[in-house]
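Please read the structure below before turning to the comments.
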Amino acid sequence: MSTLSLPNRVRDDRRVALLFLAPALVGFGVFYVYPALLGAWYSMTDWNLLSEPAFVGADNYVTLLHDPLFWNSLKVTGYYVVLTITIQMVGGLLLAALMHRLTRSVVLRSLLVVPWLVPNVTVGLLWMWLLDANLGFFNHVLTGMGLDNQGFLTAPDLAMPSVAMINAWTSTGYTALLLYAGMCLVPKQIYEAAALDGAGELRTFFRVTLPLMRPILAFVLVVSLIGSFQLFDTVAVTTKGGPVNATRVVYYYIYEQAFTHFKMGYASAMALTLVLILGVLTFVQMRMLRASTSDLA
């Protein structure tokens with residue numbers, strides 16, 4: 001009797017699972033799949049938001065290949081990604097290791113995540129005032145030390161490092177919490193065995209902790225990479241792509257083409273190209289870090 005009722009119970013479970021998944025599936029289809037398909041269609045049209053889209057085939061992609069500003073925006077974005085991910089990962093690993101070894105205070109963890117909870121526009125305005133060339137706090141400190149004022153957000157060689165520092169300040173605490181959670185997954189027995197073998201703190205960190213955290217590191221790197229390519233708010237508030245295209249990242253350039261020059265079709269082509277680039281980079285990262293395997297298994 002139980003053997004005959006098992007298939008029916010499995011089918012019922014599947015129906016219940018689909019019922020619970022239905023809202024998420026509908027939301028994913030409406031807010032992700034449909035806009036993506038619509039964007040792919042618009043990328044093959046000439047549309048200025050006011051008239052009907054006119055089909056132009058692959059013309060937008062041909063224009064994109066010969067657009068120096070698009071390739072410059074990718075180069076600027078890549079420079080920003082390298083800067084901000086390096087600061088986030090180094091700072092996050094340092095904070096996570098200190099929390100794991102010295103303190104596990106809930107208050108400290110709460111304080112670390114506060115900058116990440118502040119809206120990016122507010123963060124951009126705050127740091128724009130702090131880094132102002134004439135009235136900013138940091139330039140007051142520099143002049144007090146007998147040094148010259150620095151145009152942190154107005155000098156071409158300092159603007160992008162300053163933007164990267166702003167966003168790294170926002171995200172490093174959150175990154176540290178993710179890495180700290182990964183460190184807590186490593187069994188204490190492994191650290192005890194390493195200590196018995198005479199391994200010091202640095203050797204234990206690089207030979208034990210980091211290898212066992214590989215899936216967490218891969219997850220944090222992929223999330224950080226995708227988030228870094230989506231840089232927009234800070235640039236829109238502080239530099240508006242300047243000076244001399246030094247901070248005109250690809251997201252801001254797409255925004256300009258769509259809502260300043262009303263080239264929605266061309267902007268859609270750039271957005272779709274960016275999605276493909278991110279997909280390739282994510283795949284390469286996952287394969288290089290062997291994210292699906294763990295030495296803990």
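Simple scheme: letters A, B, ... for chains in structure tokens order, numbers from 1 for residues in each chain, numbers from 1 for ligands in the order shown.
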Thr238 in chain A: which residues within 7 Å, counting only C-alpha atoms, same-chain residues fewer than 4 positions away excluded, as a ChimeraX atom specification?
/A:124-125,128,234
Export, as a CSV table (one decimal), in the first residue's frame, the selected residues with N, CA and C atoms.
```
chain,number,residue,atom,x,y,z
A,124,GLY,N,28.3,59.4,-1.4
A,124,GLY,CA,29.0,60.2,-2.3
A,124,GLY,C,29.0,61.7,-1.9
A,125,LEU,N,27.9,62.2,-1.5
A,125,LEU,CA,27.8,63.6,-1.0
A,125,LEU,C,28.7,63.9,0.2
A,128,MET,N,32.3,63.8,-1.0
A,128,MET,CA,32.5,65.0,-1.9
A,128,MET,C,32.9,66.2,-1.1
A,234,THR,N,28.0,56.9,-7.2
A,234,THR,CA,29.1,57.7,-6.7
A,234,THR,C,29.7,58.6,-7.8
```
Taking only range 80-230 of chain A into account, list the residues labelled helix (DSSP H, G or I) by DSSP (computed from the backbone), as a ChimeraX atom specification.
/A:80-101,106-117,120-130,137-144,156-184,188-196,201-212,214-229
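With only C-alpha atoms as the atoms that count, the residue of A:Ala155, A:Leu112, A:Leu131, A:Ala195 with the shortest distance to Tyr174 in chain A is A:Leu112.
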If we count only C-alpha atoms and set the cut-off at 7 Å, which residues sit around range 48-53 of chain A, ignoring sequence neighbours fewer than 3 positions away in its own chain? Please answer as a short mmCIF file (atom, residue, chain, number, x, y, z; two decimals) with C-alpha atoms, in the first residue's frame.
```cif
data_model
loop_
_atom_site.label_atom_id
_atom_site.label_comp_id
_atom_site.auth_asym_id
_atom_site.auth_seq_id
_atom_site.Cartn_x
_atom_site.Cartn_y
_atom_site.Cartn_z
CA THR A 45 16.67 49.27 -33.16
CA PHE A 262 18.22 59.60 -26.18
CA LYS A 263 19.97 56.71 -27.96
CA MET A 264 18.09 53.94 -26.22
#
```
Output as a Markdown table one row per residue of range 140-193 of chain A within 7 Å of range 94-102 of chain A: the closest atom pair and its distance in Å to one decimal place, counting only C-alpha atoms, sorted by chain and residue number ascending.
```
| residue | atom | partner | partner_atom | distance |
| --- | --- | --- | --- | --- |
| A:Ala176 | CA | A:Ala96 | CA | 5.0 |
| A:Leu177 | CA | A:Ala96 | CA | 6.6 |
| A:Leu179 | CA | A:Ala96 | CA | 6.0 |
| A:Tyr180 | CA | A:Ala96 | CA | 4.6 |
```
Write a file of the selected residues as a PDB file, in the first residue's frame, keeping N, CA and C atoms.
```
ATOM      1  N   ALA A 176      34.174  41.955   4.904  1.00  0.00           N
ATOM      2  CA  ALA A 176      34.814  41.340   6.069  1.00  0.00           C
ATOM      3  C   ALA A 176      33.857  40.394   6.785  1.00  0.00           C
ATOM      4  N   LEU A 177      32.585  40.751   6.882  1.00  0.00           N
ATOM      5  CA  LEU A 177      31.612  39.872   7.543  1.00  0.00           C
ATOM      6  C   LEU A 177      31.424  38.578   6.773  1.00  0.00           C
ATOM      7  N   LEU A 179      33.645  37.134   4.791  1.00  0.00           N
ATOM      8  CA  LEU A 179      34.864  36.353   4.962  1.00  0.00           C
ATOM      9  C   LEU A 179      34.978  35.800   6.379  1.00  0.00           C
ATOM     10  N   TYR A 180      34.534  36.575   7.351  1.00  0.00           N
ATOM     11  CA  TYR A 180      34.539  36.104   8.741  1.00  0.00           C
ATOM     12  C   TYR A 180      33.630  34.886   8.891  1.00  0.00           C
TER      13      TYR A 180
END
```
Give me, as an MDAnalysis selection string, all polymer residues having an atom no more than 12 Å from Phe259 in chain A, counting only C-alpha atoms and skipping those fewer than 6 positions away in the same chain.
chainID A and resid 47:50 252:253 265:268
For Pro115 in chain A, please output as a PDB file with C-alpha atoms, in the first residue's frame all residues within 9 Å (counting only C-alpha atoms; exclusion window: fewer than 2 positions along the same chain).
```
ATOM      1  CA  LEU A 111      29.475  48.762  13.273  1.00  0.00           C
ATOM      2  CA  LEU A 112      31.352  47.262  10.318  1.00  0.00           C
ATOM      3  CA  VAL A 113      28.200  46.910   8.264  1.00  0.00           C
ATOM      4  CA  LEU A 117      23.730  50.284   4.822  1.00  0.00           C
ATOM      5  CA  VAL A 118      24.053  54.005   4.011  1.00  0.00           C
ATOM      6  CA  PRO A 119      22.662  54.909   0.529  1.00  0.00           C
ATOM      7  CA  VAL A 123      27.995  58.429   0.855  1.00  0.00           C
ATOM      8  CA  TRP A 169      35.138  52.281   2.485  1.00  0.00           C
ATOM      9  CA  THR A 170      31.461  51.488   1.974  1.00  0.00           C
ATOM     10  CA  SER A 171      31.845  47.786   1.162  1.00  0.00           C
ATOM     11  CA  THR A 172      34.918  46.566   3.049  1.00  0.00           C
ATOM     12  CA  GLY A 173      33.024  45.979   6.311  1.00  0.00           C
ATOM     13  CA  TYR A 174      30.363  43.899   4.558  1.00  0.00           C
TER      14      TYR A 174
END
```
Quick one: residues within 8 Å of Gly182 in chain A, only C-alpha atoms counted, chain neighbours fewer than 4 positions away excluded, as a list in words?
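Answer for this query is Leu178, Val186, Met213 and Ile216 of chain A.
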Dump C-alpha atoms for the selected residues as a PDB file, in the first residue's frame?
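Everything below was put into selection_39.pdb:
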```
ATOM      1  CA  LEU A 178      31.248  37.439   4.641  1.00  0.00           C
ATOM      2  CA  VAL A 186      36.864  25.965   9.364  1.00  0.00           C
ATOM      3  CA  MET A 213      37.814  29.277   2.335  1.00  0.00           C
ATOM      4  CA  ILE A 216      33.609  31.712   0.086  1.00  0.00           C
TER       5      ILE A 216
END
```
As a PyMOL selection string, which residues of range 45-213 of chain A does DSSP assign to strand (DSSP E)?
chain A and resi 45-46+54-55
Nearest to Asp46 in chain A, chosen from A:Val107, A:Leu21, A:Ala258, A:Leu278, with only C-alpha atoms counted in the distances:
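That would be A:Ala258, the residue with the smallest distance to Asp46 in chain A.
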Name the residues in contact with Asn149 in chain A at a cut-off of 7 Å, using only C-alpha atoms, excluding same-chain residues fewer than 3 positions from it; report them as a PyMOL selection string.
chain A and resi 133+139+142-143
Measuring between only C-alpha atoms, which one of A:Val33, A:Leu185, A:Met44, A:Leu212 shows the shortest distance to Asn60 in chain A?
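Closest residue, counting only C-alpha atoms: A:Met44.
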Per-residue nearest contacts of range 51-128 of chain A to range 159-165 of chain A (7 Å; only C-alpha atoms) as JSON lines:
```
{"residue": "A:Tyr80", "atom": "CA", "partner": "A:Ala164", "partner_atom": "CA", "distance": 6.0}
{"residue": "A:Leu83", "atom": "CA", "partner": "A:Ala164", "partner_atom": "CA", "distance": 6.2}
{"residue": "A:Thr84", "atom": "CA", "partner": "A:Ala164", "partner_atom": "CA", "distance": 5.0}
```
May I have the selected residues written with N, CA and C atoms, as a compact mmCIF listing (two decimals), in the first residue's frame?
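And here is the file that came out, result37.txt:
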```txt
# COMPACT_ATOMS: atom_id res chain seq x y z
N TYR A 80 38.98 50.70 -12.17
CA TYR A 80 38.25 50.85 -10.91
C TYR A 80 38.02 49.50 -10.23
N LEU A 83 41.17 48.29 -8.53
CA LEU A 83 41.45 49.07 -7.32
C LEU A 83 40.52 48.69 -6.18
N THR A 84 39.23 48.74 -6.43
CA THR A 84 38.26 48.55 -5.34
C THR A 84 38.26 47.12 -4.82
```
Out of A:Met286, A:Leu38, A:Val81, A:Val280, which residue has the shortest atom-to-atom distance to Phe219 in chain A when counting only C-alpha atoms?
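Closest to Phe219 in chain A, using only C-alpha atoms: A:Met286.
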